[in-house]
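Colleague: My structure is in my_file-v6.cif, and what it holds is mmCIF, C-alpha atoms:
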data_final
loop_
_atom_site.label_atom_id
_atom_site.label_comp_id
_atom_site.auth_asym_id
_atom_site.auth_seq_id
_atom_site.Cartn_x
_atom_site.Cartn_y
_atom_site.Cartn_z
CA MET A 779 110.37 17.99 76.11
CA ARG A 780 108.45 21.03 77.29
CA VAL A 781 108.78 21.63 81.04
CA LEU A 782 106.48 23.87 83.06
CA ILE A 783 108.22 25.23 86.16
CA ALA A 784 105.54 26.68 88.44
CA PHE A 785 106.56 27.23 92.05
CA ASP A 786 105.03 29.08 94.95
CA LYS A 787 107.27 30.64 97.60
CA PHE A 788 109.38 28.74 100.13
CA LYS A 789 108.41 30.84 103.13
CA ASP A 790 111.26 32.77 104.76
CA ALA A 791 113.71 31.35 102.19
CA LEU A 792 112.84 31.89 98.48
CA ASN A 793 110.09 33.86 96.79
CA ALA A 794 108.23 32.20 93.91
CA GLU A 795 110.33 33.84 91.19
CA GLU A 796 113.58 32.86 92.90
CA ALA A 797 112.41 29.26 93.29
CA CYS A 798 111.52 29.06 89.57
CA GLU A 799 114.93 30.45 88.59
CA VAL A 800 116.80 28.00 90.85
CA VAL A 801 114.96 25.08 89.27
CA ALA A 802 115.44 26.40 85.72
CA ARG A 803 119.20 26.79 86.21
CA SER A 804 119.43 23.28 87.64
CA PHE A 805 117.44 21.79 84.80
CA ARG A 806 119.61 23.46 82.18
CA LYS A 807 122.67 21.78 83.73
CA ILE A 808 121.27 18.31 83.12
CA ARG A 809 119.37 18.80 79.84
CA SER A 810 120.72 20.51 76.75
CA ALA A 811 118.50 23.27 75.28
CA PRO A 812 115.41 22.43 77.36
CA ASP A 813 112.08 24.09 76.50
CA LEU A 814 111.28 25.72 79.84
CA ASP A 815 108.15 27.69 80.76
CA LEU A 816 108.63 29.60 84.04
CA CYS A 817 105.43 30.51 85.86
CA PRO A 818 105.83 31.85 89.43
CA LEU A 819 102.67 31.26 91.48
CA SER A 820 100.95 33.27 94.20
CA ASP A 821 98.28 32.30 96.70
CA GLY A 822 97.36 35.95 97.28
CA GLY A 823 100.20 36.56 99.73
CA GLU A 824 103.77 37.66 99.20
CA GLY A 825 104.48 38.47 95.55
CA PHE A 826 100.81 38.66 94.49
CA SER A 827 100.95 42.12 92.91
CA ARG A 828 104.44 41.64 91.46
CA ILE A 829 103.73 38.29 89.80
CA LEU A 830 100.40 39.29 88.28
CA THR A 831 101.64 42.72 87.18
CA LYS A 832 104.69 41.28 85.42
CA ALA A 833 102.61 38.56 83.78
CA ALA A 834 100.29 41.21 82.30
CA GLY A 835 103.06 43.60 81.25
CA GLY A 836 102.06 46.26 83.77
CA ALA A 837 104.06 48.72 85.84
CA LEU A 838 105.21 48.15 89.43
CA TYR A 839 105.44 50.88 92.08
CA ARG A 840 106.99 51.04 95.54
CA HIS A 841 105.42 53.26 98.17
CA LYS A 842 106.28 53.96 101.81
CA VAL A 843 103.40 53.04 104.09
CA THR A 844 102.63 52.30 107.74
CA GLY A 845 103.85 48.83 108.66
CA PRO A 846 101.96 46.40 110.89
CA LEU A 847 103.55 47.86 114.05
CA GLY A 848 103.45 51.50 112.93
CA LYS A 849 106.97 51.79 111.50
CA ASN A 850 107.36 52.73 107.84
CA VAL A 851 107.80 49.90 105.34
CA GLU A 852 108.02 49.91 101.55
CA GLY A 853 104.86 48.42 100.12
CA GLU A 854 104.22 47.38 96.54
CA PHE A 855 101.42 47.74 94.01
CA GLY A 856 101.03 47.35 90.27
CA LEU A 857 98.96 48.94 87.52
CA VAL A 858 97.69 46.93 84.55
CA SER A 859 95.50 47.98 81.64
CA TRP A 860 92.18 46.15 81.42
CA LYS A 861 92.77 45.87 77.67
CA GLY A 862 95.29 43.06 78.06
CA LEU A 863 93.21 40.95 80.44
CA ALA A 864 91.66 37.74 79.14
CA PRO A 865 87.84 37.75 78.93
CA VAL A 866 87.61 35.11 81.68
CA VAL A 867 89.66 37.34 84.01
CA ARG A 868 87.51 40.39 83.23
CA SER A 869 84.45 38.27 83.97
CA ARG A 870 85.81 37.10 87.32
CA LEU A 871 86.54 40.71 88.26
CA ARG A 872 83.11 41.77 87.00
CA ILE A 873 84.54 44.35 84.60
CA PRO A 874 81.70 45.37 82.24
CA PRO A 875 82.18 44.37 78.58
CA GLY A 876 83.49 47.16 76.40
CA ARG A 877 84.81 49.21 79.30
CA GLU A 878 88.50 50.12 79.43
CA GLY A 879 90.57 51.30 82.34
CA VAL A 880 93.37 50.38 84.71
CA ILE A 881 93.38 47.85 87.53
CA GLY A 882 95.52 48.41 90.62
CA LEU A 883 97.00 45.25 92.13
CA VAL A 884 97.73 45.64 95.82
CA ASP A 885 99.80 43.28 97.94
CA MET A 886 98.66 43.21 101.58
CA ALA A 887 101.68 41.12 102.56
CA SER A 888 104.06 43.89 101.50
CA ALA A 889 102.37 46.45 103.77
CA SER A 890 100.79 44.49 106.63
CA GLY A 891 102.40 41.08 106.29
CA LEU A 892 103.50 38.55 108.87
CA ALA A 893 106.87 38.23 107.14
CA LEU A 894 107.61 41.86 108.06
CA LEU A 895 107.75 40.90 111.75
CA SER A 896 110.03 38.65 113.72
CA PRO A 897 108.31 35.83 115.66
CA GLU A 898 108.75 37.86 118.84
CA GLU A 899 106.98 40.89 117.32
CA ARG A 900 103.89 39.04 116.13
CA ASN A 901 100.93 40.17 118.22
CA PRO A 902 97.47 40.86 116.70
CA TRP A 903 96.55 43.03 119.69
CA LYS A 904 99.00 45.64 118.39
CA THR A 905 99.13 45.25 114.61
CA THR A 906 97.27 47.41 112.11
CA SER A 907 96.25 47.08 108.46
CA ARG A 908 96.57 50.83 107.88
CA GLY A 909 99.46 50.38 105.42
CA THR A 910 97.26 48.25 103.19
CA GLY A 911 94.75 51.10 103.00
CA GLU A 912 97.56 53.52 102.20
CA LEU A 913 98.60 51.28 99.29
CA LEU A 914 95.01 51.21 98.00
CA VAL A 915 94.92 55.01 98.13
CA ALA A 916 98.30 55.27 96.39
CA ALA A 917 97.16 52.95 93.58
CA ALA A 918 93.96 54.98 93.16
CA LYS A 919 95.93 58.24 92.98
CA GLN A 920 98.23 56.66 90.39
CA GLY A 921 95.22 56.08 88.13
CA ALA A 922 93.58 52.79 89.09
CA ASP A 923 89.90 52.53 88.11
CA LEU A 924 89.48 49.23 89.97
CA LEU A 925 91.49 47.73 92.84
CA LEU A 926 92.34 44.07 93.39
CA LEU A 927 93.68 43.23 96.84
CA GLY A 928 95.55 40.01 97.66
CA ILE A 929 95.17 39.38 101.38
CA GLY A 930 97.40 36.37 102.05
CA GLY A 931 100.08 36.40 104.73
CA SER A 932 98.67 39.21 106.86
CA ALA A 933 99.96 39.98 110.35
CA THR A 934 96.75 41.74 111.38
CA SER A 935 93.40 40.89 112.90
CA ASP A 936 91.82 44.34 113.09
CA LEU A 937 88.74 43.84 110.86
CA GLY A 938 90.47 46.06 108.33
CA LEU A 939 89.83 49.06 110.60
CA GLY A 940 93.33 50.43 110.02
CA CYS A 941 92.87 50.03 106.27
CA LEU A 942 89.50 51.78 106.45
CA GLN A 943 91.00 54.67 108.42
CA ALA A 944 93.44 55.24 105.56
CA LEU A 945 90.43 55.27 103.20
CA GLY A 946 88.61 57.95 105.20
CA LEU A 947 87.01 56.32 108.24
CA GLN A 948 87.56 58.23 111.50
CA ALA A 949 87.76 56.91 115.05
CA TRP A 950 87.16 59.17 118.06
CA ASN A 951 87.90 58.53 121.72
CA HIS A 952 85.38 59.05 124.50
CA GLN A 953 86.61 62.64 124.94
CA GLY A 954 85.85 63.47 121.31
CA LYS A 955 89.48 63.47 120.13
CA GLU A 956 90.31 61.76 116.84
CA MET A 957 92.44 58.64 117.21
CA GLY A 958 95.18 57.75 114.72
CA VAL A 959 96.20 54.14 114.31
CA VAL A 960 93.74 52.00 116.30
CA PRO A 961 94.88 48.39 116.75
CA PRO A 962 92.64 46.01 118.74
CA ASP A 963 94.31 46.74 122.09
CA CYS A 964 92.93 50.31 121.78
CA TRP A 965 89.37 49.43 120.78
CA ASP A 966 87.99 49.95 124.28
CA GLY A 967 89.02 53.58 123.93
CA VAL A 968 86.97 54.17 120.77
CA GLY A 969 83.86 56.18 121.53
CA LYS A 970 82.60 56.72 117.99
CA ILE A 971 83.35 55.82 114.37
CA THR A 972 82.41 58.18 111.55
CA GLY A 973 83.25 58.89 107.93
CA ILE A 974 82.79 57.46 104.46
CA LEU A 975 85.06 56.69 101.52
CA PRO A 976 86.04 59.55 99.22
CA SER A 977 83.56 60.16 96.41
CA GLY A 978 84.51 58.26 93.25
CA PHE A 979 86.94 55.90 94.99
CA PRO A 980 87.54 52.81 92.81
CA GLY A 981 85.67 49.60 93.46
CA ILE A 982 87.57 46.95 95.41
CA ARG A 983 87.83 43.23 94.72
CA VAL A 984 89.38 41.02 97.40
CA ALA A 985 91.10 37.83 96.19
CA CYS A 986 90.29 35.19 98.79
CA ASP A 987 90.07 31.38 98.90
CA VAL A 988 89.39 31.07 102.61
CA THR A 989 85.78 30.20 103.49
CA ASN A 990 85.93 30.95 107.23
CA PRO A 991 83.27 33.29 108.66
CA LEU A 992 84.32 36.16 110.86
CA LEU A 993 83.38 34.68 114.25
CA GLY A 994 83.04 31.30 115.94
CA GLU A 995 85.06 28.10 116.03
CA ARG A 996 86.04 28.45 112.36
CA GLY A 997 86.38 32.23 112.54
CA ALA A 998 89.25 34.67 112.17
CA VAL A 999 90.33 34.64 115.81
CA ARG A 1000 90.27 30.95 116.69
CA VAL A 1001 91.65 29.62 113.41
CA TYR A 1002 94.15 32.29 112.41
CA GLY A 1003 94.85 34.22 115.62
CA PRO A 1004 97.50 31.78 116.90
CA GLN A 1005 99.33 31.97 113.55
CA LYS A 1006 99.59 35.73 114.04
CA GLY A 1007 100.96 35.44 117.58
CA LEU A 1008 97.79 35.34 119.68
CA VAL A 1009 98.30 33.25 122.84
CA SER A 1010 95.66 30.65 123.72
CA ARG A 1011 94.61 32.34 126.96
CA ASP A 1012 93.56 35.44 124.97
CA LEU A 1013 91.39 33.69 122.38
CA GLU A 1014 88.10 34.24 124.20
CA LYS A 1015 88.84 37.88 125.03
CA PHE A 1016 90.00 38.67 121.48
CA GLU A 1017 86.89 37.00 120.04
CA SER A 1018 84.74 39.16 122.34
CA VAL A 1019 86.33 42.49 121.37
CA THR A 1020 86.26 41.47 117.69
CA ALA A 1021 82.53 40.72 117.85
CA LYS A 1022 81.86 44.01 119.64
CA MET A 1023 83.81 46.10 117.12
CA ALA A 1024 82.31 44.22 114.16
CA ARG A 1025 78.82 45.13 115.35
CA ARG A 1026 79.84 48.79 115.72
CA ILE A 1027 81.10 48.79 112.14
CA LEU A 1028 77.82 47.21 111.01
CA ARG A 1029 75.80 49.90 112.82
CA LEU A 1030 77.92 52.67 111.30
CA SER A 1031 77.27 51.30 107.81
CA GLY A 1032 73.64 50.37 108.32
CA ARG A 1033 74.36 46.74 107.48
CA GLY A 1034 72.80 43.61 108.92
CA THR A 1035 74.41 40.89 111.04
CA GLU A 1036 74.27 38.46 108.09
CA PHE A 1037 77.69 39.84 107.11
CA LEU A 1038 79.14 38.06 110.15
CA GLU A 1039 78.30 34.72 108.54
CA ILE A 1040 79.53 35.32 104.99
CA PRO A 1041 82.21 32.76 104.02
CA GLY A 1042 85.59 34.45 103.59
CA THR A 1043 85.01 37.35 105.97
CA GLY A 1044 87.30 35.60 108.47
CA ALA A 1045 90.30 35.82 106.13
CA ALA A 1046 93.26 38.08 106.94
CA GLY A 1047 91.95 39.09 110.32
CA GLY A 1048 88.57 40.20 108.98
CA ILE A 1049 89.77 42.77 106.44
CA GLY A 1050 87.35 41.29 103.91
CA PHE A 1051 84.53 41.92 106.39
CA GLY A 1052 85.50 45.55 106.94
CA LEU A 1053 85.96 46.29 103.25
CA MET A 1054 82.70 44.57 102.28
CA VAL A 1055 80.65 46.33 104.95
CA VAL A 1056 82.09 49.84 104.67
CA ALA A 1057 83.58 50.00 101.15
CA GLY A 1058 81.24 47.68 99.27
CA ALA A 1059 84.13 45.39 98.31
CA GLU A 1060 83.44 42.05 96.64
CA LEU A 1061 85.22 38.76 97.28
CA VAL A 1062 86.55 36.85 94.26
CA PRO A 1063 88.03 33.30 94.24
CA GLY A 1064 91.77 33.93 94.45
CA SER A 1065 93.23 30.67 93.11
CA ASP A 1066 90.86 30.57 90.13
CA LEU A 1067 91.61 34.19 89.31
CA VAL A 1068 95.39 33.68 89.50
CA SER A 1069 95.15 30.52 87.39
CA ASP A 1070 93.22 32.32 84.65
CA TRP A 1071 95.40 35.43 84.89
CA LEU A 1072 98.55 33.33 84.33
CA ASP A 1073 96.86 31.23 81.62
CA LEU A 1074 97.74 28.22 83.73
CA PRO A 1075 95.28 25.67 82.25
CA GLN A 1076 96.74 26.13 78.74
CA ARG A 1077 100.33 26.07 80.01
CA ILE A 1078 99.67 22.82 81.90
CA GLU A 1079 98.14 21.24 78.81
CA ALA A 1080 101.13 22.25 76.67
CA ALA A 1081 103.68 20.77 79.10
CA ASP A 1082 105.14 17.26 78.99
CA VAL A 1083 106.50 17.46 82.53
CA ILE A 1084 105.53 19.81 85.36
CA LEU A 1085 107.72 20.87 88.28
CA THR A 1086 106.07 22.65 91.18
CA GLY A 1087 106.54 23.11 94.89
CA GLU A 1088 106.43 25.26 98.02
CA GLY A 1089 107.89 25.38 101.50
CA ARG A 1090 105.75 22.56 102.90
CA PHE A 1091 103.62 20.02 101.08
CA ASP A 1092 100.74 18.72 103.19
CA ARG A 1093 97.06 17.82 102.89
CA SER A 1094 96.14 21.44 102.27
CA SER A 1095 98.47 21.38 99.27
CA LEU A 1096 96.09 18.86 97.70
CA GLU A 1097 92.92 20.63 98.84
CA GLY A 1098 93.11 24.18 97.51
CA LYS A 1099 96.21 25.80 98.96
CA GLY A 1100 99.26 26.94 96.98
CA PRO A 1101 99.97 24.86 93.84
CA ALA A 1102 96.91 22.63 94.51
CA ALA A 1103 94.92 23.76 91.46
CA LEU A 1104 97.94 23.14 89.22
CA VAL A 1105 98.47 19.65 90.69
CA ALA A 1106 94.79 18.76 90.33
CA ARG A 1107 94.59 19.89 86.70
CA ALA A 1108 97.87 18.19 85.78
CA LEU A 1109 96.70 14.91 87.31
CA GLU A 1110 93.40 15.13 85.42
CA LEU A 1111 95.38 15.39 82.18
CA GLY A 1112 97.67 12.52 83.11
CA LYS A 1113 100.79 14.69 83.15
CA LYS A 1114 103.99 13.73 84.91
CA ILE A 1115 104.34 16.07 87.85
CA HIS A 1116 107.13 16.47 90.39
CA ALA A 1117 106.55 18.50 93.54
CA PHE A 1118 109.49 19.73 95.62
CA ALA A 1119 109.06 20.96 99.18
CA GLY A 1120 111.15 21.83 102.18
CA SER A 1121 109.17 19.21 104.08
CA VAL A 1122 106.42 16.72 103.29
CA GLU A 1123 103.68 15.72 105.72
CA PRO A 1124 104.21 12.10 106.86
CA GLY A 1125 101.59 9.64 105.66
CA LEU A 1126 100.31 11.94 102.93
CA PRO A 1127 98.33 9.96 100.31
CA ILE A 1128 100.24 10.44 97.06
CA PRO A 1129 98.22 10.31 93.83
CA THR A 1130 99.59 8.31 90.91
CA LYS A 1131 101.68 10.42 88.51
CA LEU A 1132 102.67 12.80 91.35
CA THR A 1133 106.23 12.37 92.65
CA LEU A 1134 107.05 14.20 95.87
CA HIS A 1135 110.57 15.27 96.82
CA ALA A 1136 111.43 16.52 100.32
CA ILE A 1137 114.53 18.64 99.79
CA SER A 1138 115.62 18.73 103.45
CA PRO A 1139 116.15 15.84 105.91
CA PRO A 1140 113.38 15.76 108.54
CA ASP A 1141 115.91 16.08 111.39
CA LEU A 1142 117.59 19.21 109.95
CA PRO A 1143 116.96 22.26 112.19
CA LEU A 1144 114.60 24.73 110.54
CA GLU A 1145 117.09 27.62 110.65
CA LYS A 1146 119.70 25.61 108.76
CA ALA A 1147 117.12 24.30 106.32
CA LEU A 1148 115.97 27.83 105.48
CA ARG A 1149 119.54 29.07 104.90
CA SER A 1150 120.25 26.26 102.44
CA THR A 1151 116.90 26.07 100.66
CA GLY A 1152 118.18 27.25 97.27
CA GLU A 1153 121.13 24.86 97.29
CA ARG A 1154 119.03 21.90 98.43
CA LEU A 1155 116.31 22.62 95.87
CA ALA A 1156 118.91 22.69 93.09
CA GLN A 1157 120.43 19.41 94.29
CA ALA A 1158 117.02 17.73 94.48
CA VAL A 1159 116.18 18.70 90.90
CA GLN A 1160 119.53 17.46 89.61
CA ALA A 1161 119.14 14.15 91.49
CA VAL A 1162 116.00 13.17 89.55
CA ASP A 1163 116.33 10.79 86.60
CA TRP A 1164 114.57 12.90 83.97
CA THR A 1165 114.97 10.19 81.31
CA ALA A 1166 112.60 7.83 83.17
#
Translate this structure into structure tokens?
Modeller:
Amino acid sequence: MRVLIAFDKFKDALNAEEACEVVARSFRKIRSAPDLDLCPLSDGGEGFSRILTKAAGGALYRHKVTGPLGKNVEGEFGLVSWKGLAPVVRSRLRIPPGREGVIGLVDMASASGLALLSPEERNPWKTTSRGTGELLVAAAKQGADLLLLGIGGSATSDLGLGCLQALGLQAWNHQGKEMGVVPPDCWDGVGKITGILPSGFPGIRVACDVTNPLLGERGAVRVYGPQKGLVSRDLEKFESVTAKMARRILRLSGRGTEFLEIPGTGAAGGIGFGLMVVAGAELVPGSDLVSDWLDLPQRIEAADVILTGEGRFDRSSLEGKGPAALVARALELGKKIHAFAGSVEPGLPIPTKLTLHAISPPDLPLEKALRSTGERLAQAVQAVDWTA
């Protein structure tokens, strides 16, 4: 029996690689000499650069950068030769046929991620994406000819202005003095924005599955602001300052207001918007790219049984988030699939052939559940009758 073990992270408890290893160890205890295929997953957030770099046999680098609240953190990026990328991946990244080079994989979550802050520290008025820009620069200096940025799990909602400052954009106050890190609570003090990217800077691709526009009811502020710590009474004010700064960035770049409506520009606090407008970045479908990069369709087809999971399994887990593409493809092929999660949304319609396992009791306090995630995941795997 060939078993595909493909897990996303259990947020604040296990990363994707750790979850896969826990499940593999548990499975080996109950089956002798199992044929296991471990495939950690990423939705573009934590672990994005590490997982894809390792899968392609590339090199990983750590680099000190500015964290979301200005303190230094250790970010991560990877370098991978284009030569080893499958043709479908090269096509998705729009790498010209016959060209060779190096792609830099940058992990926004490691530099500007929500997981770097405690719940009390989360406040999009004060957070900056500057560290993400510093990682992009570091990858370029290390030899990247093209940059791929995963933007999941960000703590910021600054239109990518901090990131753009690291790339060469300059902000000046009303007295003509250059401003350093400029989070949204300082935007009223910005008198002018100038500057362009360095000549010859690599092209940027942004892996994104979110279709939200920048502004409005489905925009960056109203949908994702509360997740980043924005209180409800500030939604209207934050939307207003975001719209004002977005239009200033458009004027600086000579771009039209149609960029405000492009699907995906509302992801990660608008960093896709800023990079598209100023740096000419292009959005690419993140889940499709990751699936092709990891050769997931072929690995699903080769498996007899599939084990997957993440921290919470809900309707979004069946509609494009996390392991959704894997589940959908496995169900199409009639595969047996087991999904393990810290919690499962009540009343979730369960497709035939998909067995869901909630590894923690619903009344268990979250703090205790997080501390025991590895142990409970192992127990849940061992409790399944794999001979059925």
Colleague: Find the distance between atom CA of Gly825 of chain A and atom CA of Leu1142 of chain A and write it in Å to one decimal.
Modeller: 27.4 Å
Colleague: Where does segment 888-975 of chain A meet segment 992-1006 of chain A within 8 Å, residue by residue, with the nearest atom pair and distance in Å to one decimal for each, counting only C-alpha atoms, listed by chain and rising number, as a Markdown table?
Modeller:
| residue | atom | partner | partner_atom | distance |
| --- | --- | --- | --- | --- |
| A:Leu892 | CA | A:Lys1006 | CA | 7.1 |
| A:Arg900 | CA | A:Lys1006 | CA | 5.8 |
| A:Asn901 | CA | A:Lys1006 | CA | 6.2 |
| A:Pro902 | CA | A:Lys1006 | CA | 6.2 |
| A:Ala933 | CA | A:Lys1006 | CA | 5.6 |
| A:Thr934 | CA | A:Lys1006 | CA | 7.2 |
| A:Ser935 | CA | A:Gly1003 | CA | 7.3 |
Colleague: Evaluate the PyMOL selection byres ((chain A and resi 937) around 8) here and jot the selected residues down as a PyMOL selection string.
Modeller: chain A and resi 935-936+938-939+1020+1024+1047-1052
Colleague: Smallest atom-to-atom distance to Pro1139 of chain A: which of A:Gly973, A:Gly1044, A:Gly1120, A:Gly879, using all atoms listed in the file?
Modeller: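 Closest to Pro1139 of chain A, using all atoms listed in the file: A:Gly1120.
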Colleague: Find, counting only C-alpha atoms, the residue in A:Ala811, A:Val858, A:Cys986, A:Leu830 that gets nearest to Gly1064 of chain A.
Modeller: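 Of A:Ala811, A:Val858, A:Cys986, A:Leu830, the one nearest Gly1064 of chain A, counting only C-alpha atoms, is A:Cys986.
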Colleague: Name all residues at most 7 Å from segment 1134-1136 of chain A (count all atoms listed in the file; drop same-chain ones fewer than 3 positions away) and give them as a list in words.
Modeller: His1116, Ala1117, Phe1118, Ala1119, Gly1120, Ser1121 and Val1122 of chain A
Colleague: Report as a list in words the full result of the PyMOL selection byres ((chain A and resi 954-959) around 10) when it is applied to this structure.
Modeller: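 Checked against the file, the PyMOL selection byres ((chain A and resi 954-959) around 10) matches Thr844, Leu847, Gly848, Lys904, Thr905, Thr906, Ser907, Arg908, Leu939, Gly940, Cys941, Gln943, Ala944, Gln948, Ala949, Trp950, Asn951, His952, Gln953, Val960, Pro961, Pro962, Cys964, Gly967, Val968, Gly969, Lys970 and Ile971 of chain A.
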Colleague: Specify as a PDB file with C-alpha atoms, keeping the file's coordinate frame each residue included when the PyMOL selection byres ((chain A and resi 1079-1092) around 9) is applied to this file.
Modeller:
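Resulting contents of part_5.pdb:
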ATOM      1  CA  MET A 779     110.370  17.990  76.110  1.00  0.00           C
ATOM      2  CA  ARG A 780     108.450  21.030  77.290  1.00  0.00           C
ATOM      3  CA  VAL A 781     108.780  21.630  81.040  1.00  0.00           C
ATOM      4  CA  LEU A 782     106.480  23.870  83.060  1.00  0.00           C
ATOM      5  CA  ILE A 783     108.220  25.230  86.160  1.00  0.00           C
ATOM      6  CA  ALA A 784     105.540  26.680  88.440  1.00  0.00           C
ATOM      7  CA  PHE A 785     106.560  27.230  92.050  1.00  0.00           C
ATOM      8  CA  ASP A 786     105.030  29.080  94.950  1.00  0.00           C
ATOM      9  CA  LYS A 787     107.270  30.640  97.600  1.00  0.00           C
ATOM     10  CA  PHE A 788     109.380  28.740 100.130  1.00  0.00           C
ATOM     11  CA  LYS A 789     108.410  30.840 103.130  1.00  0.00           C
ATOM     12  CA  ASP A 790     111.260  32.770 104.760  1.00  0.00           C
ATOM     13  CA  ALA A 791     113.710  31.350 102.190  1.00  0.00           C
ATOM     14  CA  LEU A 792     112.840  31.890  98.480  1.00  0.00           C
ATOM     15  CA  ALA A 794     108.230  32.200  93.910  1.00  0.00           C
ATOM     16  CA  ALA A 797     112.410  29.260  93.290  1.00  0.00           C
ATOM     17  CA  CYS A 798     111.520  29.060  89.570  1.00  0.00           C
ATOM     18  CA  VAL A 801     114.960  25.080  89.270  1.00  0.00           C
ATOM     19  CA  ASP A 815     108.150  27.690  80.760  1.00  0.00           C
ATOM     20  CA  LEU A1074      97.740  28.220  83.730  1.00  0.00           C
ATOM     21  CA  PRO A1075      95.280  25.670  82.250  1.00  0.00           C
ATOM     22  CA  GLN A1076      96.740  26.130  78.740  1.00  0.00           C
ATOM     23  CA  ARG A1077     100.330  26.070  80.010  1.00  0.00           C
ATOM     24  CA  ILE A1078      99.670  22.820  81.900  1.00  0.00           C
ATOM     25  CA  ARG A1093      97.060  17.820 102.890  1.00  0.00           C
ATOM     26  CA  SER A1094      96.140  21.440 102.270  1.00  0.00           C
ATOM     27  CA  SER A1095      98.470  21.380  99.270  1.00  0.00           C
ATOM     28  CA  LEU A1096      96.090  18.860  97.700  1.00  0.00           C
ATOM     29  CA  GLY A1100      99.260  26.940  96.980  1.00  0.00           C
ATOM     30  CA  PRO A1101      99.970  24.860  93.840  1.00  0.00           C
ATOM     31  CA  LEU A1104      97.940  23.140  89.220  1.00  0.00           C
ATOM     32  CA  VAL A1105      98.470  19.650  90.690  1.00  0.00           C
ATOM     33  CA  ARG A1107      94.590  19.890  86.700  1.00  0.00           C
ATOM     34  CA  ALA A1108      97.870  18.190  85.780  1.00  0.00           C
ATOM     35  CA  LEU A1111      95.380  15.390  82.180  1.00  0.00           C
ATOM     36  CA  LYS A1113     100.790  14.690  83.150  1.00  0.00           C
ATOM     37  CA  LYS A1114     103.990  13.730  84.910  1.00  0.00           C
ATOM     38  CA  ILE A1115     104.340  16.070  87.850  1.00  0.00           C
ATOM     39  CA  HIS A1116     107.130  16.470  90.390  1.00  0.00           C
ATOM     40  CA  ALA A1117     106.550  18.500  93.540  1.00  0.00           C
ATOM     41  CA  PHE A1118     109.490  19.730  95.620  1.00  0.00           C
ATOM     42  CA  ALA A1119     109.060  20.960  99.180  1.00  0.00           C
ATOM     43  CA  GLY A1120     111.150  21.830 102.180  1.00  0.00           C
ATOM     44  CA  SER A1121     109.170  19.210 104.080  1.00  0.00           C
ATOM     45  CA  VAL A1122     106.420  16.720 103.290  1.00  0.00           C
ATOM     46  CA  GLU A1123     103.680  15.720 105.720  1.00  0.00           C
ATOM     47  CA  PRO A1124     104.210  12.100 106.860  1.00  0.00           C
ATOM     48  CA  LEU A1126     100.310  11.940 102.930  1.00  0.00           C
ATOM     49  CA  LEU A1134     107.050  14.200  95.870  1.00  0.00           C
ATOM     50  CA  ALA A1136     111.430  16.520 100.320  1.00  0.00           C
TER      51      ALA A1136
END
Colleague: Measure the distance from atom CA of Ala1161 of chain A to atom CA of Leu1132 of chain A in Å and round it to one decimal.
Modeller: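 These atoms are spaced 16.5 Å apart.
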Colleague: Here is a test: counting all atoms listed in the file, which residue of A:Ser827, A:Thr1133, A:Thr1165, A:Ser932 is nearest to Leu914 of chain A?
Modeller: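 Of all the options, A:Ser827 lies closest to Leu914 of chain A.
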Colleague: For each of A:Glu1145, A:Asp923, A:Asp821, A:Glu899, take the minimum atom-to-atom distance to Gly981 of chain A, counting only C-alpha atoms, then give the residue where this is smallest.
Modeller: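 Of A:Glu1145, A:Asp923, A:Asp821, A:Glu899, the one nearest Gly981 of chain A is A:Asp923, counting only C-alpha atoms.
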Colleague: What lies within 8 Å of Leu894 of chain A using all atoms listed in the file, ignoring chain neighbours under 3 positions off, as a ChimeraX atom specification?
Modeller: /A:845-846,888,890-891
Colleague: For the atom pair atom CA of Ala833 of chain A and atom CA of Val915 of chain A, what is the interatomic distance in Å to one decimal place?
Modeller: 23.1 Å
Colleague: Which residue, A:Met886, A:Val1056, A:Leu1030, A:Leu1038, has the smallest gap to Gly909 of chain A when you use all atoms listed in the file?
Modeller: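 Under the stated criterion, the closest residue is A:Met886.
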Colleague: Give me the residues near Leu925 of chain A as a list of chain:residue names, where near means some atom within 6 Å (using all atoms listed in the file) and where sequence neighbours in that chain fewer than 3 positions away do not count.
Modeller: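 Final neighbour list, sorted by chain and number: A:Ile881, A:Gly882, A:Ile982.
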